[in-house]
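> Quick one, start20.cif (mmCIF, C-alpha atoms and all ligand atoms):
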```
data_run
#
loop_
_atom_site.label_atom_id
_atom_site.label_comp_id
_atom_site.auth_asym_id
_atom_site.auth_seq_id
_atom_site.Cartn_x
_atom_site.Cartn_y
_atom_site.Cartn_z
CA MET A 5 -102.38 137.20 -111.72
CA VAL A 6 -98.93 136.35 -110.35
CA VAL A 7 -96.17 135.90 -112.90
CA LYS A 8 -94.74 132.36 -113.11
CA VAL A 9 -91.01 132.24 -113.86
CA TYR A 10 -89.65 128.86 -114.96
CA GLY A 11 -86.11 127.77 -114.08
CA PRO A 12 -85.03 130.04 -111.19
CA LEU A 13 -81.95 127.92 -110.49
CA TYR A 14 -80.31 128.97 -113.75
CA ALA A 15 -78.60 132.10 -115.03
CA ALA A 16 -80.83 133.51 -117.77
CA PRO A 17 -83.99 133.24 -115.62
CA LYS A 18 -82.19 135.21 -112.91
CA ARG A 19 -82.09 138.22 -115.26
CA VAL A 20 -85.90 138.12 -115.28
CA LEU A 21 -86.17 137.66 -111.51
CA VAL A 22 -83.92 140.67 -110.80
CA CYS A 23 -86.01 142.77 -113.20
CA LEU A 24 -89.25 141.73 -111.48
CA VAL A 25 -87.82 142.50 -108.03
CA GLU A 26 -86.60 145.92 -109.18
CA LYS A 27 -90.04 146.63 -110.68
CA GLU A 28 -91.80 145.42 -107.49
CA VAL A 29 -93.77 142.81 -109.45
CA ASP A 30 -94.93 139.72 -107.54
CA PHE A 31 -93.90 136.39 -109.00
CA GLU A 32 -93.71 132.70 -108.23
CA THR A 33 -91.11 130.31 -109.55
CA VAL A 34 -91.46 126.91 -111.24
CA PRO A 35 -88.39 124.69 -110.82
CA ILE A 36 -87.10 123.05 -114.02
CA ASP A 37 -84.27 120.49 -113.72
CA LEU A 38 -82.14 120.74 -116.85
CA LEU A 39 -80.02 117.75 -115.83
CA LYS A 40 -83.18 115.61 -115.82
CA GLY A 41 -84.20 117.05 -119.19
CA GLU A 42 -87.41 118.57 -117.87
CA ASN A 43 -86.91 121.39 -120.41
CA LYS A 44 -87.26 118.81 -123.20
CA HIS A 45 -90.55 117.41 -121.87
CA PRO A 46 -93.34 117.74 -124.48
CA ASP A 47 -95.46 119.84 -122.14
CA PHE A 48 -92.59 122.33 -121.71
CA LEU A 49 -91.74 122.31 -125.41
CA LYS A 50 -95.35 123.21 -126.21
CA LEU A 51 -94.74 126.45 -124.31
CA GLN A 52 -91.06 126.95 -125.24
CA PRO A 53 -90.21 125.11 -128.48
CA PHE A 54 -86.48 125.85 -128.10
CA GLY A 55 -86.48 124.03 -124.76
CA THR A 56 -84.55 126.61 -122.75
CA VAL A 57 -85.29 128.60 -119.59
CA PRO A 58 -86.60 131.15 -118.74
CA LEU A 59 -90.21 130.98 -119.74
CA ILE A 60 -92.82 133.15 -118.04
CA GLN A 61 -96.56 132.72 -117.83
CA ASP A 62 -98.59 135.78 -116.88
CA GLY A 63 -102.19 134.72 -117.04
CA ASP A 64 -102.66 133.45 -120.59
CA TYR A 65 -99.64 135.43 -121.81
CA THR A 66 -96.48 133.35 -122.33
CA LEU A 67 -93.02 134.72 -123.18
CA TYR A 68 -89.49 133.34 -123.45
CA GLU A 69 -86.00 134.85 -124.04
CA SER A 70 -84.76 136.55 -120.88
CA ARG A 71 -83.93 139.92 -122.39
CA ALA A 72 -87.30 140.14 -124.15
CA ILE A 73 -89.05 139.31 -120.88
CA MET A 74 -87.05 141.99 -119.04
CA ARG A 75 -87.97 144.59 -121.69
CA TYR A 76 -91.63 143.59 -121.45
CA TYR A 77 -91.85 144.05 -117.69
CA ALA A 78 -89.65 147.16 -117.62
CA GLU A 79 -92.11 148.73 -120.09
CA LYS A 80 -95.32 147.29 -118.64
CA TYR A 81 -94.48 148.54 -115.15
CA LYS A 82 -92.66 151.71 -116.23
CA SER A 83 -94.40 153.75 -113.54
CA GLN A 84 -93.36 151.60 -110.59
CA GLY A 85 -90.15 150.47 -108.98
CA THR A 86 -86.73 151.26 -110.37
CA ASP A 87 -86.61 152.96 -113.76
CA LEU A 88 -84.65 150.47 -115.89
CA LEU A 89 -85.04 152.02 -119.35
CA GLY A 90 -83.74 155.56 -118.93
CA LYS A 91 -85.79 158.74 -119.06
CA THR A 92 -85.30 159.83 -122.68
CA ILE A 93 -85.30 158.06 -126.04
CA GLU A 94 -81.57 158.70 -126.20
CA GLU A 95 -81.05 156.96 -122.85
CA ARG A 96 -83.31 154.13 -124.02
CA GLY A 97 -81.15 153.80 -127.10
CA LEU A 98 -78.05 153.36 -124.95
CA VAL A 99 -79.83 150.77 -122.77
CA GLU A 100 -80.70 148.82 -125.91
CA GLN A 101 -77.14 149.22 -127.24
CA TRP A 102 -75.57 147.72 -124.12
CA LEU A 103 -78.19 144.95 -123.97
CA GLU A 104 -77.13 144.00 -127.49
CA VAL A 105 -73.44 144.29 -126.58
CA GLU A 106 -74.06 141.93 -123.65
CA ALA A 107 -75.93 139.42 -125.81
CA HIS A 108 -73.54 139.41 -128.78
CA ASN A 109 -70.10 140.37 -127.42
CA PHE A 110 -70.06 139.50 -123.70
CA GLN A 111 -72.30 136.40 -123.56
CA PRO A 112 -70.59 134.14 -126.16
CA PRO A 113 -67.11 134.07 -124.55
CA ILE A 114 -68.37 133.97 -120.97
CA TYR A 115 -70.84 131.19 -121.88
CA ASN A 116 -67.95 129.17 -123.35
CA LEU A 117 -66.03 129.60 -120.10
CA VAL A 118 -69.07 128.50 -118.07
CA VAL A 119 -69.57 125.43 -120.27
CA HIS A 120 -65.91 124.36 -120.23
CA ILE A 121 -65.21 125.16 -116.58
CA LEU A 122 -68.48 124.57 -114.76
CA PHE A 123 -70.69 122.35 -116.93
CA ALA A 124 -67.92 120.06 -118.31
CA PRO A 125 -67.23 118.22 -115.03
CA VAL A 126 -70.96 118.00 -114.25
CA LEU A 127 -71.86 116.64 -117.69
CA GLY A 128 -68.70 114.54 -117.99
CA PHE A 129 -67.03 115.94 -121.08
CA PRO A 130 -63.42 117.25 -121.28
CA SER A 131 -62.77 120.99 -121.10
CA ASP A 132 -61.11 122.27 -124.28
CA PRO A 133 -58.02 124.32 -123.35
CA LYS A 134 -58.03 126.09 -126.73
CA ILE A 135 -61.62 127.25 -126.25
CA LEU A 136 -60.81 128.30 -122.69
CA GLN A 137 -57.82 130.37 -123.82
CA GLU A 138 -59.60 131.96 -126.80
CA SER A 139 -62.72 132.73 -124.73
CA GLU A 140 -60.77 134.34 -121.92
CA GLU A 141 -58.86 136.49 -124.45
CA LYS A 142 -62.10 137.54 -126.17
CA LEU A 143 -63.80 138.31 -122.85
CA GLY A 144 -60.77 140.31 -121.74
CA LYS A 145 -61.00 142.49 -124.82
CA VAL A 146 -64.71 143.08 -124.17
CA LEU A 147 -64.02 143.97 -120.53
CA ASP A 148 -61.34 146.44 -121.64
CA ILE A 149 -64.05 148.27 -123.61
CA TYR A 150 -66.29 148.15 -120.53
CA GLU A 151 -63.44 149.60 -118.47
CA GLU A 152 -63.20 152.57 -120.84
CA GLN A 153 -66.99 153.09 -120.81
CA LEU A 154 -67.26 152.77 -117.03
CA SER A 155 -64.50 155.33 -116.57
CA LYS A 156 -67.02 157.81 -118.05
CA SER A 157 -70.31 156.67 -116.47
CA LYS A 158 -71.32 154.81 -113.34
CA TYR A 159 -73.35 152.25 -115.26
CA LEU A 160 -73.12 150.94 -118.80
CA ALA A 161 -75.88 153.06 -120.37
CA GLY A 162 -75.09 156.16 -118.30
CA ASP A 163 -75.38 157.37 -114.73
CA PHE A 164 -78.50 155.27 -114.17
CA PHE A 165 -78.90 151.57 -113.40
CA SER A 166 -80.69 149.79 -116.23
CA LEU A 167 -81.63 146.49 -117.86
CA ALA A 168 -78.19 146.48 -119.47
CA ASP A 169 -76.53 146.15 -116.06
CA ILE A 170 -79.04 143.52 -114.88
CA SER A 171 -78.34 141.43 -117.96
CA HIS A 172 -74.70 141.00 -116.88
CA LEU A 173 -75.38 139.85 -113.31
CA PRO A 174 -75.83 136.06 -113.57
CA PHE A 175 -72.87 135.10 -115.71
CA THR A 176 -70.50 137.64 -114.16
CA HIS A 177 -71.43 136.09 -110.82
CA PHE A 178 -70.22 132.72 -112.13
CA LEU A 179 -66.97 134.38 -113.28
CA VAL A 180 -66.33 135.89 -109.86
CA ALA A 181 -67.82 133.27 -107.52
CA ASN A 182 -67.54 129.88 -109.22
CA MET A 183 -64.83 129.98 -111.86
CA GLY A 184 -61.86 131.49 -110.06
CA LYS A 185 -61.63 134.27 -112.63
CA GLU A 186 -62.55 137.17 -110.38
CA TYR A 187 -59.29 138.83 -111.46
CA MET A 188 -60.89 139.56 -114.83
CA ILE A 189 -63.23 141.92 -112.97
CA LYS A 190 -61.16 142.97 -109.96
CA ASP A 191 -58.08 143.93 -112.01
CA ARG A 192 -60.13 146.52 -113.94
CA LYS A 193 -60.74 149.45 -111.57
CA HIS A 194 -63.96 150.83 -113.07
CA VAL A 195 -65.39 147.42 -113.97
CA SER A 196 -64.65 146.31 -110.40
CA ALA A 197 -66.44 149.34 -108.92
CA TRP A 198 -69.39 148.74 -111.26
CA TRP A 199 -69.55 145.06 -110.27
CA ASP A 200 -69.37 145.89 -106.55
CA ASP A 201 -72.26 148.33 -107.02
CA ILE A 202 -74.63 146.17 -109.07
CA SER A 203 -73.88 142.87 -107.28
CA ASN A 204 -74.65 144.46 -103.92
CA ARG A 205 -78.11 145.54 -104.91
CA PRO A 206 -80.78 143.94 -102.67
CA SER A 207 -82.52 142.60 -105.79
CA TRP A 208 -79.48 140.53 -106.76
CA LYS A 209 -78.92 139.29 -103.21
CA ARG A 210 -82.56 138.18 -103.09
CA VAL A 211 -82.36 136.37 -106.43
CA LEU A 212 -79.12 134.60 -105.44
CA GLN A 213 -81.22 132.86 -102.78
CA PHE A 214 -82.73 130.71 -105.56
CA GLY A 215 -79.33 128.96 -105.68
CA ASP A 216 -77.30 127.95 -108.68
CA PRO A 217 -76.57 124.63 -110.41
CA PHE A 218 -72.88 124.50 -109.36
N1 LIG B 301 -81.16 133.40 -125.09
C1 LIG B 301 -81.81 132.66 -124.05
C2 LIG B 301 -80.85 131.61 -123.48
C3 LIG B 301 -81.51 130.70 -122.49
C4 LIG B 301 -80.63 129.55 -122.13
O1 LIG B 301 -79.74 129.15 -122.90
N2 LIG B 301 -80.87 129.00 -120.94
C5 LIG B 301 -80.08 127.82 -120.53
C6 LIG B 301 -79.83 127.82 -119.04
S1 LIG B 301 -78.76 129.11 -118.53
O2 LIG B 301 -77.85 129.36 -119.67
O3 LIG B 301 -79.58 130.24 -118.26
O4 LIG B 301 -78.04 128.63 -117.37
C7 LIG B 301 -80.86 126.58 -120.87
O5 LIG B 301 -82.08 126.55 -120.75
N3 LIG B 301 -80.13 125.55 -121.27
C8 LIG B 301 -80.77 124.27 -121.56
C9 LIG B 301 -80.50 123.82 -122.94
O6 LIG B 301 -79.82 124.58 -123.66
O7 LIG B 301 -80.95 122.71 -123.28
C10 LIG B 301 -82.31 133.60 -122.95
O8 LIG B 301 -81.59 134.59 -122.71
O9 LIG B 301 -83.37 133.35 -122.38
#
```
Write out the structure in this file as structure tokens.


Amino acid sequence: MVVKVYGPLYAAPKRVLVCLVEKEVDFETVPIDLLKGENKHPDFLKLQPFGTVPLIQDGDYTLYESRAIMRYYAEKYKSQGTDLLGKTIEERGLVEQWLEVEAHNFQPPIYNLVVHILFAPVLGFPSDPKILQESEEKLGKVLDIYEEQLSKSKYLAGDFFSLADISHLPFTHFLVANMGKEYMIKDRKHVSAWWDDISNRPSWKRVLQFGDPF
């Protein structure tokens, strides 16, 4: 049964798509137009009561939350494709640590920047300069910690590419490609080298072909 991934145009579903490509798992995509509110349609809400993408359907198994879906497939297909979880329980612990750091420290400020720089003009509400300034400062502090970590290892969890690195791809792409804030990455030597490495992976280049909403 081929995995169905809902919402390939958007950022969080792209985490799942990169994971599936790295694990050599076949998938098909189901477009969801957030601007038309297709994620709030009763049929979608029956599957995903929070009304966000991604959602996957794998036979009669349904899952949402991008990081949970990545963990599921990285585990389910542990023996094929790229190892994304590390080889020891200690490495796995570091993968989980940096996944949590991405979700709780990196995502909130970068999401605010995406909303107030990219979504605001599309949805017709004013950007809030105070939120922009505070979010950029917060993200800068997070990236300074990444710079220190990446001066000691090639990737966030160690010298192996993992789910933690994948989880950063979609929103960092917005920062570099759509928001004119590439300096936040490029001005940090080790973060810049890390970004050049992970964003040049064939899996990311393939997933970028699904487009983005901006
Ligand atoms: N924690 C969720 C977040 C999912 C999420 O917020 N998705 C956005 C799209 S994007 O942030 O990935 O671009 C969405 O569906 N937004 C629609 C809505 O919030 O109504 C995950 O990681 O799956």

> So which residues are near ligand LIG 301 (chain B), meaning at most 10 Å away with only C-alpha atoms and all ligand atoms counted, given back as an NGL selection string?

:A and (10-20 or 36-39 or 41-44 or 54-59 or 67-74 or 107 or 111 or 115 or 118-119 or 123 or 171 or 174-175 or 216-217)

> Mind writing the picked residues with C-alpha atoms as a tab-separated table (two decimals), in the frame of the given file?


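Now in result-v2.tsv:
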```tsv
chain	number	residue	atom	x	y	z
A	10	TYR	CA	-89.65	128.86	-114.96
A	11	GLY	CA	-86.11	127.77	-114.08
A	12	PRO	CA	-85.03	130.04	-111.19
A	13	LEU	CA	-81.95	127.92	-110.49
A	14	TYR	CA	-80.31	128.97	-113.75
A	15	ALA	CA	-78.60	132.10	-115.03
A	16	ALA	CA	-80.83	133.51	-117.77
A	17	PRO	CA	-83.99	133.24	-115.62
A	18	LYS	CA	-82.19	135.21	-112.91
A	19	ARG	CA	-82.09	138.22	-115.26
A	20	VAL	CA	-85.90	138.12	-115.28
A	36	ILE	CA	-87.10	123.05	-114.02
A	37	ASP	CA	-84.27	120.49	-113.72
A	38	LEU	CA	-82.14	120.74	-116.85
A	39	LEU	CA	-80.02	117.75	-115.83
A	41	GLY	CA	-84.20	117.05	-119.19
A	42	GLU	CA	-87.41	118.57	-117.87
A	43	ASN	CA	-86.91	121.39	-120.41
A	44	LYS	CA	-87.26	118.81	-123.20
A	54	PHE	CA	-86.48	125.85	-128.10
A	55	GLY	CA	-86.48	124.03	-124.76
A	56	THR	CA	-84.55	126.61	-122.75
A	57	VAL	CA	-85.29	128.60	-119.59
A	58	PRO	CA	-86.60	131.15	-118.74
A	59	LEU	CA	-90.21	130.98	-119.74
A	67	LEU	CA	-93.02	134.72	-123.18
A	68	TYR	CA	-89.49	133.34	-123.45
A	69	GLU	CA	-86.00	134.85	-124.04
A	70	SER	CA	-84.76	136.55	-120.88
A	71	ARG	CA	-83.93	139.92	-122.39
A	72	ALA	CA	-87.30	140.14	-124.15
A	73	ILE	CA	-89.05	139.31	-120.88
A	74	MET	CA	-87.05	141.99	-119.04
A	107	ALA	CA	-75.93	139.42	-125.81
A	111	GLN	CA	-72.30	136.40	-123.56
A	115	TYR	CA	-70.84	131.19	-121.88
A	118	VAL	CA	-69.07	128.50	-118.07
A	119	VAL	CA	-69.57	125.43	-120.27
A	123	PHE	CA	-70.69	122.35	-116.93
A	171	SER	CA	-78.34	141.43	-117.96
A	174	PRO	CA	-75.83	136.06	-113.57
A	175	PHE	CA	-72.87	135.10	-115.71
A	216	ASP	CA	-77.30	127.95	-108.68
A	217	PRO	CA	-76.57	124.63	-110.41
```

> Under the rule that all atoms listed in the file are counted, which of A:Lys193, A:Asn116, A:Val7, A:Val22 is the nearest residue to Phe214 in chain A?

A:Val22

> Could you check the closest approach to His108 in chain A for each of A:Val146, A:Leu127, A:Ile121, A:Met188 and tell me which residue wins, using all atoms listed in the file?

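When distances to His108 in chain A are compared using all atoms listed in the file, the smallest one comes from A:Val146.
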
> Please measure the separation of CA of Phe164 in chain A and CA of Ser139 in chain A, giving the value in Å to one decimal.

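According to the coordinates, CA of Phe164 in chain A and CA of Ser139 in chain A are separated by 29.5 Å.
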
> Counting only C-alpha atoms, figure out which residue out of A:Ala124, A:Leu154, A:Leu179, A:Ala161 gets nearest to Trp102 in chain A.

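Ranking A:Ala124, A:Leu154, A:Leu179, A:Ala161 by distance to Trp102 in chain A, first place goes to A:Ala161.
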
> Give me the residues near Lys80 in chain A as a list of chain:residue names, where near means some atom within 12 Å (using only C-alpha atoms) and where sequence neighbours in that chain fewer than 6 positions away do not count.

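Listed by chain and then number, they are A:Cys23, A:Leu24, A:Lys27, A:Glu28, A:Val29, A:Ile73, A:Met74, A:Asp87, A:Leu88, A:Leu89.
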
> For a test of reading the model, state the distance in Å between CA of Leu143 in chain A and CA of Gly97 in chain A, rounded to one decimal.

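A separation of 23.6 Å between them.
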
> Of the residues A:Thr176, A:Ser196, A:Ser207, A:Gln52, which is the one nearest to Gly85 in chain A, using all atoms listed in the file?

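Nearest candidate to Gly85 in chain A out of A:Thr176, A:Ser196, A:Ser207, A:Gln52: A:Ser207.
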